[in-house]
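Chemist: Dropping in query28.cif, which is mmCIF, C-alpha atoms:
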data_target
#
loop_
_atom_site.label_atom_id
_atom_site.label_comp_id
_atom_site.auth_asym_id
_atom_site.auth_seq_id
_atom_site.Cartn_x
_atom_site.Cartn_y
_atom_site.Cartn_z
CA MET A 1 -104.36 -13.21 -40.59
CA ILE A 2 -102.58 -10.23 -42.11
CA ARG A 3 -100.07 -8.12 -40.26
CA GLU A 4 -102.47 -5.21 -39.79
CA GLU A 5 -104.66 -7.52 -37.71
CA VAL A 6 -101.94 -8.84 -35.44
CA ASN A 7 -102.22 -7.64 -31.82
CA VAL A 8 -98.73 -7.03 -30.46
CA LEU A 9 -97.92 -6.36 -26.82
CA VAL A 10 -94.59 -4.61 -26.15
CA VAL A 11 -93.37 -4.73 -22.55
CA ASP A 12 -90.41 -2.62 -21.43
CA ASP A 13 -89.86 -0.36 -18.41
CA VAL A 14 -87.94 2.19 -20.51
CA ALA A 15 -90.31 4.49 -22.42
CA THR A 16 -87.64 5.31 -25.02
CA ILE A 17 -87.39 1.63 -25.95
CA ARG A 18 -91.16 1.13 -25.98
CA ALA A 19 -91.52 4.07 -28.34
CA GLN A 20 -88.74 2.90 -30.64
CA VAL A 21 -90.00 -0.68 -30.87
CA LYS A 22 -93.50 0.64 -31.58
CA GLU A 23 -92.09 2.81 -34.35
CA PHE A 24 -90.21 -0.16 -35.87
CA LEU A 25 -93.36 -2.29 -35.74
CA LYS A 26 -95.50 0.43 -37.30
CA ASN A 27 -92.98 0.87 -40.09
CA ALA A 28 -93.10 -2.90 -40.59
CA GLY A 29 -96.85 -2.69 -41.17
CA PHE A 30 -98.25 -3.61 -37.77
CA ARG A 31 -101.11 -1.42 -36.62
CA ARG A 32 -102.35 -2.92 -33.35
CA ILE A 33 -99.48 -2.24 -30.99
CA PHE A 34 -100.07 -2.07 -27.25
CA LEU A 35 -97.49 -0.92 -24.72
CA ALA A 36 -96.95 -1.97 -21.11
CA LYS A 37 -94.31 -0.57 -18.78
CA SER A 38 -94.34 -3.45 -16.31
CA VAL A 39 -95.14 -7.14 -16.04
CA GLU A 40 -98.21 -6.29 -13.97
CA GLU A 41 -99.55 -4.02 -16.71
CA ALA A 42 -98.79 -6.71 -19.27
CA LYS A 43 -100.65 -9.39 -17.30
CA THR A 44 -103.71 -7.15 -17.05
CA ALA A 45 -103.62 -6.48 -20.79
CA LEU A 46 -103.18 -10.17 -21.60
CA HIS A 47 -106.30 -11.03 -19.63
CA GLU A 48 -108.34 -8.21 -21.14
CA GLN A 49 -107.78 -8.98 -24.81
CA ILE A 50 -106.31 -11.48 -27.22
CA PHE A 51 -102.69 -10.95 -28.30
CA ASN A 52 -100.89 -12.68 -31.14
CA LEU A 53 -97.37 -11.70 -30.10
CA VAL A 54 -95.54 -10.52 -26.97
CA ILE A 55 -92.21 -8.68 -27.20
CA CYS A 56 -90.78 -8.32 -23.71
CA ASP A 57 -87.69 -6.95 -21.96
CA TRP A 58 -86.03 -9.22 -19.39
CA HIS A 59 -84.79 -6.83 -16.71
CA MET A 60 -87.67 -4.99 -15.10
CA THR A 61 -88.72 -4.53 -11.50
CA PRO A 62 -90.46 -5.72 -9.41
CA ALA A 63 -91.28 -8.64 -11.75
CA ASN A 64 -89.09 -9.43 -14.75
CA GLY A 65 -89.66 -10.69 -18.28
CA LEU A 66 -88.87 -14.29 -17.39
CA GLU A 67 -91.69 -14.21 -14.86
CA LEU A 68 -94.06 -12.95 -17.54
CA LEU A 69 -92.89 -15.72 -19.89
CA LYS A 70 -93.56 -18.34 -17.20
CA HIS A 71 -96.98 -16.82 -16.53
CA VAL A 72 -97.91 -16.89 -20.21
CA ARG A 73 -96.78 -20.48 -20.63
CA SER A 74 -98.66 -21.60 -17.53
CA GLU A 75 -102.05 -20.17 -18.52
CA ALA A 76 -104.22 -22.32 -20.80
CA LEU A 77 -105.56 -19.32 -22.72
CA LEU A 78 -102.17 -17.68 -23.17
CA LYS A 79 -99.68 -20.52 -23.50
CA ASP A 80 -99.54 -20.55 -27.31
CA ILE A 81 -98.83 -16.84 -27.78
CA PRO A 82 -95.48 -16.34 -29.55
CA PHE A 83 -93.17 -14.72 -27.01
CA VAL A 84 -89.98 -12.83 -27.92
CA MET A 85 -87.47 -11.61 -25.36
CA LEU A 86 -85.88 -8.29 -26.38
CA THR A 87 -83.05 -7.54 -24.00
CA ALA A 88 -79.48 -6.36 -23.62
CA ASP A 89 -78.78 -9.52 -21.62
CA SER A 90 -76.91 -12.06 -23.72
CA THR A 91 -75.50 -14.10 -20.86
CA LYS A 92 -75.62 -17.77 -21.74
CA GLU A 93 -77.25 -18.65 -18.43
CA HIS A 94 -80.20 -16.33 -19.04
CA VAL A 95 -80.61 -17.25 -22.71
CA MET A 96 -80.77 -20.94 -21.74
CA GLU A 97 -83.23 -20.19 -18.96
CA ALA A 98 -85.53 -18.37 -21.38
CA ILE A 99 -85.32 -21.23 -23.89
CA ARG A 100 -86.05 -23.80 -21.18
CA ASN A 101 -89.16 -21.81 -20.29
CA GLY A 102 -90.46 -21.78 -23.84
CA VAL A 103 -89.36 -18.48 -25.36
CA ASP A 104 -89.90 -18.41 -29.15
CA GLY A 105 -87.41 -15.69 -30.01
CA TYR A 106 -84.56 -13.93 -28.23
CA MET A 107 -83.26 -10.65 -29.63
CA ILE A 108 -80.31 -8.75 -28.24
CA LYS A 109 -80.39 -4.96 -28.08
CA PRO A 110 -79.56 -3.02 -30.12
CA VAL A 111 -82.06 -4.14 -32.75
CA ASN A 112 -82.85 -2.36 -35.98
CA MET A 113 -85.82 -2.21 -38.26
CA ALA A 114 -84.53 -4.97 -40.56
CA GLN A 115 -83.92 -7.37 -37.67
CA ILE A 116 -87.37 -6.74 -36.24
CA GLN A 117 -88.91 -7.42 -39.65
CA THR A 118 -86.93 -10.57 -40.32
CA LYS A 119 -87.29 -12.13 -36.88
CA ILE A 120 -90.87 -11.17 -36.18
CA PHE A 121 -92.23 -12.05 -39.62
CA GLY A 122 -90.28 -15.32 -39.57
CA LEU A 123 -91.68 -16.24 -36.19
CA LEU A 124 -95.27 -15.26 -37.02
CA LEU A 125 -95.15 -17.24 -40.27
CA ASP A 126 -93.61 -20.20 -38.47
CA LYS A 127 -96.32 -20.08 -35.81
CA LYS A 128 -98.97 -19.70 -38.53
CA VAL A 129 -100.19 -16.42 -37.05
CA LEU A 130 -99.56 -14.79 -40.43
CA GLY A 131 -100.99 -16.64 -43.40
CA MET B 132 -93.60 0.26 -45.08
CA SER B 133 -95.60 3.18 -43.83
CA GLY B 134 -94.52 6.74 -44.47
CA GLN B 135 -94.29 7.52 -40.78
CA SER B 136 -91.32 9.73 -40.00
CA ILE B 137 -88.56 8.61 -37.67
CA ALA B 138 -88.10 10.97 -34.73
CA PRO B 139 -84.72 12.72 -34.79
CA ARG B 140 -82.04 10.84 -32.88
CA ASP B 141 -81.24 13.90 -30.75
CA ALA B 142 -84.84 14.06 -29.51
CA LYS B 143 -84.70 10.39 -28.57
CA ILE B 144 -81.42 10.94 -26.73
CA GLY B 145 -83.02 13.85 -24.87
CA GLU B 146 -85.90 11.60 -23.73
CA PHE B 147 -83.44 8.88 -22.81
CA ILE B 148 -81.38 11.25 -20.67
CA LEU B 149 -84.44 12.44 -18.77
CA GLU B 150 -85.70 8.94 -18.22
CA LEU B 151 -82.40 7.30 -17.41
CA GLY B 152 -81.51 10.09 -14.99
CA ASP B 153 -84.08 8.47 -12.68
CA PHE B 154 -82.43 5.08 -13.13
CA ALA B 155 -79.05 6.65 -12.30
CA ARG B 156 -80.49 8.24 -9.15
CA LEU B 157 -81.86 4.88 -7.98
CA ALA B 158 -78.48 3.30 -8.69
CA GLU B 159 -76.84 6.06 -6.64
CA GLU B 160 -79.15 5.36 -3.69
CA ALA B 161 -78.28 1.66 -3.87
CA LEU B 162 -74.58 2.45 -3.94
CA THR B 163 -74.82 4.92 -1.04
CA ASN B 164 -76.43 2.25 1.13
CA LEU B 165 -73.94 -0.35 -0.05
CA GLU B 166 -71.06 1.85 0.96
CA LYS B 167 -72.49 2.31 4.45
CA ASP B 168 -72.73 -1.42 5.11
CA PRO B 169 -71.68 -3.60 2.20
CA GLU B 170 -72.16 -6.95 3.95
CA SER B 171 -75.70 -6.30 5.20
CA ASN B 172 -76.75 -4.65 1.94
CA LYS B 173 -75.27 -7.14 -0.54
CA GLY B 174 -78.66 -7.45 -2.24
CA LEU B 175 -78.27 -3.89 -3.44
CA PHE B 176 -75.52 -5.00 -5.82
CA SER B 177 -78.26 -6.76 -7.83
CA GLU B 178 -80.42 -3.66 -7.73
CA PHE B 179 -77.51 -1.57 -9.00
CA SER B 180 -76.84 -4.12 -11.73
CA GLU B 181 -80.49 -3.99 -12.88
CA LYS B 182 -80.29 -0.22 -13.30
CA MET B 183 -77.01 -0.50 -15.21
CA ILE B 184 -78.43 -3.05 -17.65
CA ALA B 185 -81.40 -0.76 -18.31
CA ILE B 186 -78.99 2.08 -19.08
CA ARG B 187 -76.75 -0.19 -21.18
CA GLY B 188 -79.60 -1.61 -23.24
CA THR B 189 -81.08 1.78 -24.01
CA ALA B 190 -77.69 3.32 -24.75
CA GLN B 191 -76.94 0.44 -27.15
CA GLN B 192 -80.29 0.94 -28.83
CA LEU B 193 -79.59 4.66 -29.26
CA GLU B 194 -76.02 4.08 -30.49
CA LEU B 195 -74.23 5.62 -27.51
CA PRO B 196 -71.48 3.00 -27.25
CA SER B 197 -69.31 4.63 -24.57
CA ILE B 198 -72.20 4.99 -22.13
CA ALA B 199 -73.24 1.41 -22.95
CA ARG B 200 -69.71 0.11 -22.39
CA ILE B 201 -69.23 1.77 -18.99
CA ALA B 202 -72.73 0.80 -17.84
CA GLY B 203 -71.89 -2.76 -18.96
CA TYR B 204 -68.82 -2.82 -16.73
CA GLY B 205 -70.93 -1.45 -13.88
CA GLU B 206 -73.46 -4.24 -14.44
CA GLU B 207 -70.84 -7.01 -14.42
CA ILE B 208 -68.84 -5.66 -11.44
CA ALA B 209 -72.08 -5.32 -9.47
CA ILE B 210 -72.96 -8.96 -10.31
CA LYS B 211 -69.54 -9.98 -8.98
CA GLY B 212 -70.14 -7.83 -5.90
CA SER B 213 -73.20 -9.87 -5.03
CA SER B 214 -71.10 -13.05 -4.84
CA PRO B 215 -68.90 -13.90 -1.83
CA LEU B 216 -65.93 -11.49 -1.84
CA SER B 217 -63.34 -10.43 0.69
CA PRO B 218 -63.96 -7.06 2.40
CA SER B 219 -61.15 -5.48 0.36
CA GLN B 220 -62.58 -6.85 -2.91
CA THR B 221 -66.00 -5.53 -1.94
CA ARG B 222 -64.55 -2.09 -1.20
CA ARG B 223 -62.75 -2.12 -4.53
CA ALA B 224 -65.93 -3.12 -6.34
CA VAL B 225 -67.95 -0.36 -4.65
CA SER B 226 -65.27 2.21 -5.44
CA CYS B 227 -65.26 1.20 -9.11
CA LEU B 228 -69.03 1.29 -9.25
CA TRP B 229 -68.99 4.88 -7.99
CA ASP B 230 -66.56 5.79 -10.77
CA ALA B 231 -68.70 4.04 -13.36
CA LEU B 232 -71.91 5.64 -12.14
CA THR B 233 -70.39 9.12 -11.89
CA THR B 234 -69.09 8.81 -15.43
CA VAL B 235 -72.38 7.47 -16.78
CA LYS B 236 -74.25 10.35 -15.12
CA TYR B 237 -71.80 12.85 -16.59
CA MET B 238 -72.10 11.29 -20.04
CA LEU B 239 -75.89 11.26 -19.81
CA SER B 240 -75.82 15.00 -19.29
CA HIS B 241 -73.09 15.54 -21.92
CA PRO B 242 -73.98 13.03 -24.64
CA SER B 243 -71.96 14.88 -27.26
CA GLN B 244 -68.78 14.09 -25.31
CA GLU B 245 -69.06 10.37 -25.93
CA THR B 246 -65.35 9.64 -25.92
CA SER B 247 -62.40 11.02 -24.06
CA GLU B 248 -59.01 9.94 -22.80
CA GLU B 249 -60.28 10.00 -19.19
CA GLN B 250 -63.05 7.59 -20.09
CA GLN B 251 -60.49 5.23 -21.58
CA PHE B 252 -58.51 5.30 -18.30
CA LEU B 253 -61.72 4.49 -16.44
CA ILE B 254 -62.55 1.66 -18.83
CA ASN B 255 -59.06 0.20 -18.29
CA ARG B 256 -59.55 0.37 -14.53
CA LEU B 257 -62.99 -1.20 -14.70
CA GLU B 258 -61.66 -3.97 -16.94
CA LYS B 259 -58.81 -4.72 -14.49
CA THR B 260 -61.20 -4.76 -11.54
CA LEU B 261 -63.62 -7.03 -13.36
CA GLN B 262 -60.80 -9.42 -14.30
CA SER B 263 -59.56 -9.46 -10.70
CA LEU B 264 -63.06 -10.49 -9.61
CA GLY B 265 -63.18 -13.37 -12.08
CA GLY B 266 -64.17 -11.70 -15.34
CA ALA B 267 -67.50 -11.16 -17.08
CA ARG B 268 -70.14 -13.87 -17.37
CA PRO B 269 -70.09 -15.89 -20.60
CA THR B 270 -72.35 -14.50 -23.31
CA VAL B 271 -73.72 -15.86 -26.58
CA SER B 272 -74.09 -14.17 -29.95
CA GLY B 273 -77.32 -13.68 -31.87
CA ASP B 274 -76.38 -16.51 -34.25
CA GLU B 275 -75.67 -18.85 -31.34
CA ILE B 276 -79.05 -17.98 -29.82
CA ASP B 277 -80.77 -18.75 -33.13
CA ALA B 278 -78.99 -22.12 -33.23
CA LEU B 279 -80.02 -22.88 -29.64
CA LEU B 280 -83.63 -21.97 -30.44
CA ALA B 281 -83.59 -24.11 -33.58
CA ALA B 282 -82.22 -27.06 -31.60
CA GLN B 283 -84.95 -26.58 -29.00
CA ARG B 284 -87.66 -26.58 -31.71
CA LYS B 285 -86.37 -29.94 -33.04
CA HIS B 286 -86.94 -31.52 -29.62
#
Mind converting the file's structure to structure tokens?
Modeler:
Amino acid sequence: MIREEVNVLVVDDVATIRAQVKEFLKNAGFRRIFLAKSVEEAKTALHEQIFNLVICDWHMTPANGLELLKHVRSEALLKDIPFVMLTADSTKEHVMEAIRNGVDGYMIKPVNMAQIQTKIFGLLLDKKVLG
Amino acid sequence: MSGQSIAPRDAKIGEFILELGDFARLAEEALTNLEKDPESNKGLFSEFSEKMIAIRGTAQQLELPSIARIAGYGEEIAIKGSSPLSPSQTRRAVSCLWDALTTVKYMLSHPSQETSEEQQFLINRLEKTLQSLGGARPTVSGDEIDALLAAQRKH
């Protein structure tokens, strides 16, 4: 698969962040970028089409990013999707909790274009999503 | 790389201020109810903290470090507030959270005034309060997270 074919789901309750991450991803060559402003919206999207990557904020209400991670990992059709947490929360307790629940990447805000490129490409190559 | 233009930072800050104004209002509601009855409404400390982390994360992303720093103190003091505290500690925490929120709201509407001597006084006060409540939660760096993830992959 090439990057233009990768379906990316970005989940964040702050529109400013969704727009900026989308812009970074577009500039990195991704074309199929879908946005969700809540975990509920994300779950609906995940069951409506196939995604190759989820980039998700942690702190959202009513459900948070960890709950979405657990949902993804518990569903047979979703469990192998690379999942990256993108959050301002760098508390050790939460990082460990995300890792225990199978997160593939954990990026701390602020992130820039170069970090998005390095981390996301690295992960997608590692997971053999990109060939 | 595509040739898509990057939106001007000022425009992004404008959107952020509009959007985060709503977060600040929700935080204010939580704090108002906390002040009325801190013991019965302890759960609202977590709600306040969630709003502060949203403001902090977005401010960090948009390179507004003073707003991010004060929101970060608000987040940590609110987390401490949700743990068992004496009534006087709770009152002190709520009072500090009002100061933090008022300052964040002011800075959201005056983003060009990112630093001032008054803000530094506030930051000192927030730092002292946070230390008196046990200090901030331990955090890890990006490199440490990468090492933890790599270790997890080996298992």
Chemist: Please, what distance in Å, to one decimal, runs between atom CA of B:Ala202 and atom CA of B:Glu275?
Modeler: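 Pair atom CA of B:Ala202 / atom CA of B:Glu275 returns 24.0 Å.
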Chemist: So which residues get picked by the PyMOL selection byres ((chain A) within 8 of (chain B)) here, written as a ChimeraX atom specification?
Modeler: /A:14-17,23,26-29,59-60,87-93,95,99,104-111
Chemist: Please report the interatomic distance between atom CA of A:Ser38 and atom CA of A:Leu53 in Å with one decimal.
Modeler: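 Taking atom CA of A:Ser38 as the start and atom CA of A:Leu53 as the end point, the length is 16.4 Å.
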Chemist: I need the residue nearest A:Leu86 from this list: A:Asn112, A:Asn52, A:Asn7, A:Thr44. Use all atoms listed in the file for the distance.
Modeler: A:Asn112
Chemist: Smallest atom-to-atom distance to A:Val21: which of A:Glu48, A:Glu40, A:Asp57, A:Glu4, using only C-alpha atoms?
Modeler: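 Residue with the minimum atom-to-atom distance to A:Val21: A:Asp57.
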Chemist: Smallest atom-to-atom distance to B:Ala158: which of B:Leu195, B:Ala142, B:Ala282, B:Val225, using all atoms listed in the file?
Modeler: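 For B:Ala158, the nearest of the given residues is B:Val225.
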Chemist: With distances taken over all atoms listed in the file, which of B:Leu162, B:Ala278, B:Leu239, B:Ala224 is nearest to B:Ile210?
Modeler: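 Using all atoms listed in the file, B:Ile210 sits closest to B:Ala224.
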Chemist: May I ask for the distance between atom CA of A:Leu25 and atom CA of A:Pro82, given in Å to one decimal place?
Modeler: 15.5 Å
Chemist: Between A:Arg73, A:Leu78, A:Arg31, A:Ala19, which has the minimum distance to A:Leu46 (counting all atoms listed in the file)?
Modeler: A:Leu78
Chemist: Give the padded box for stretch 88-91 of chain A as lines of an AutoDock Vina configuration file: axis-aligned, covering all atoms listed in the file, 6 Å on each side, centre and edge lengths in Å to one decimal.
Modeler:
center_x = -77.5
center_y = -10.2
center_z = -22.3
size_x = 16.0
size_y = 19.7
size_z = 14.9
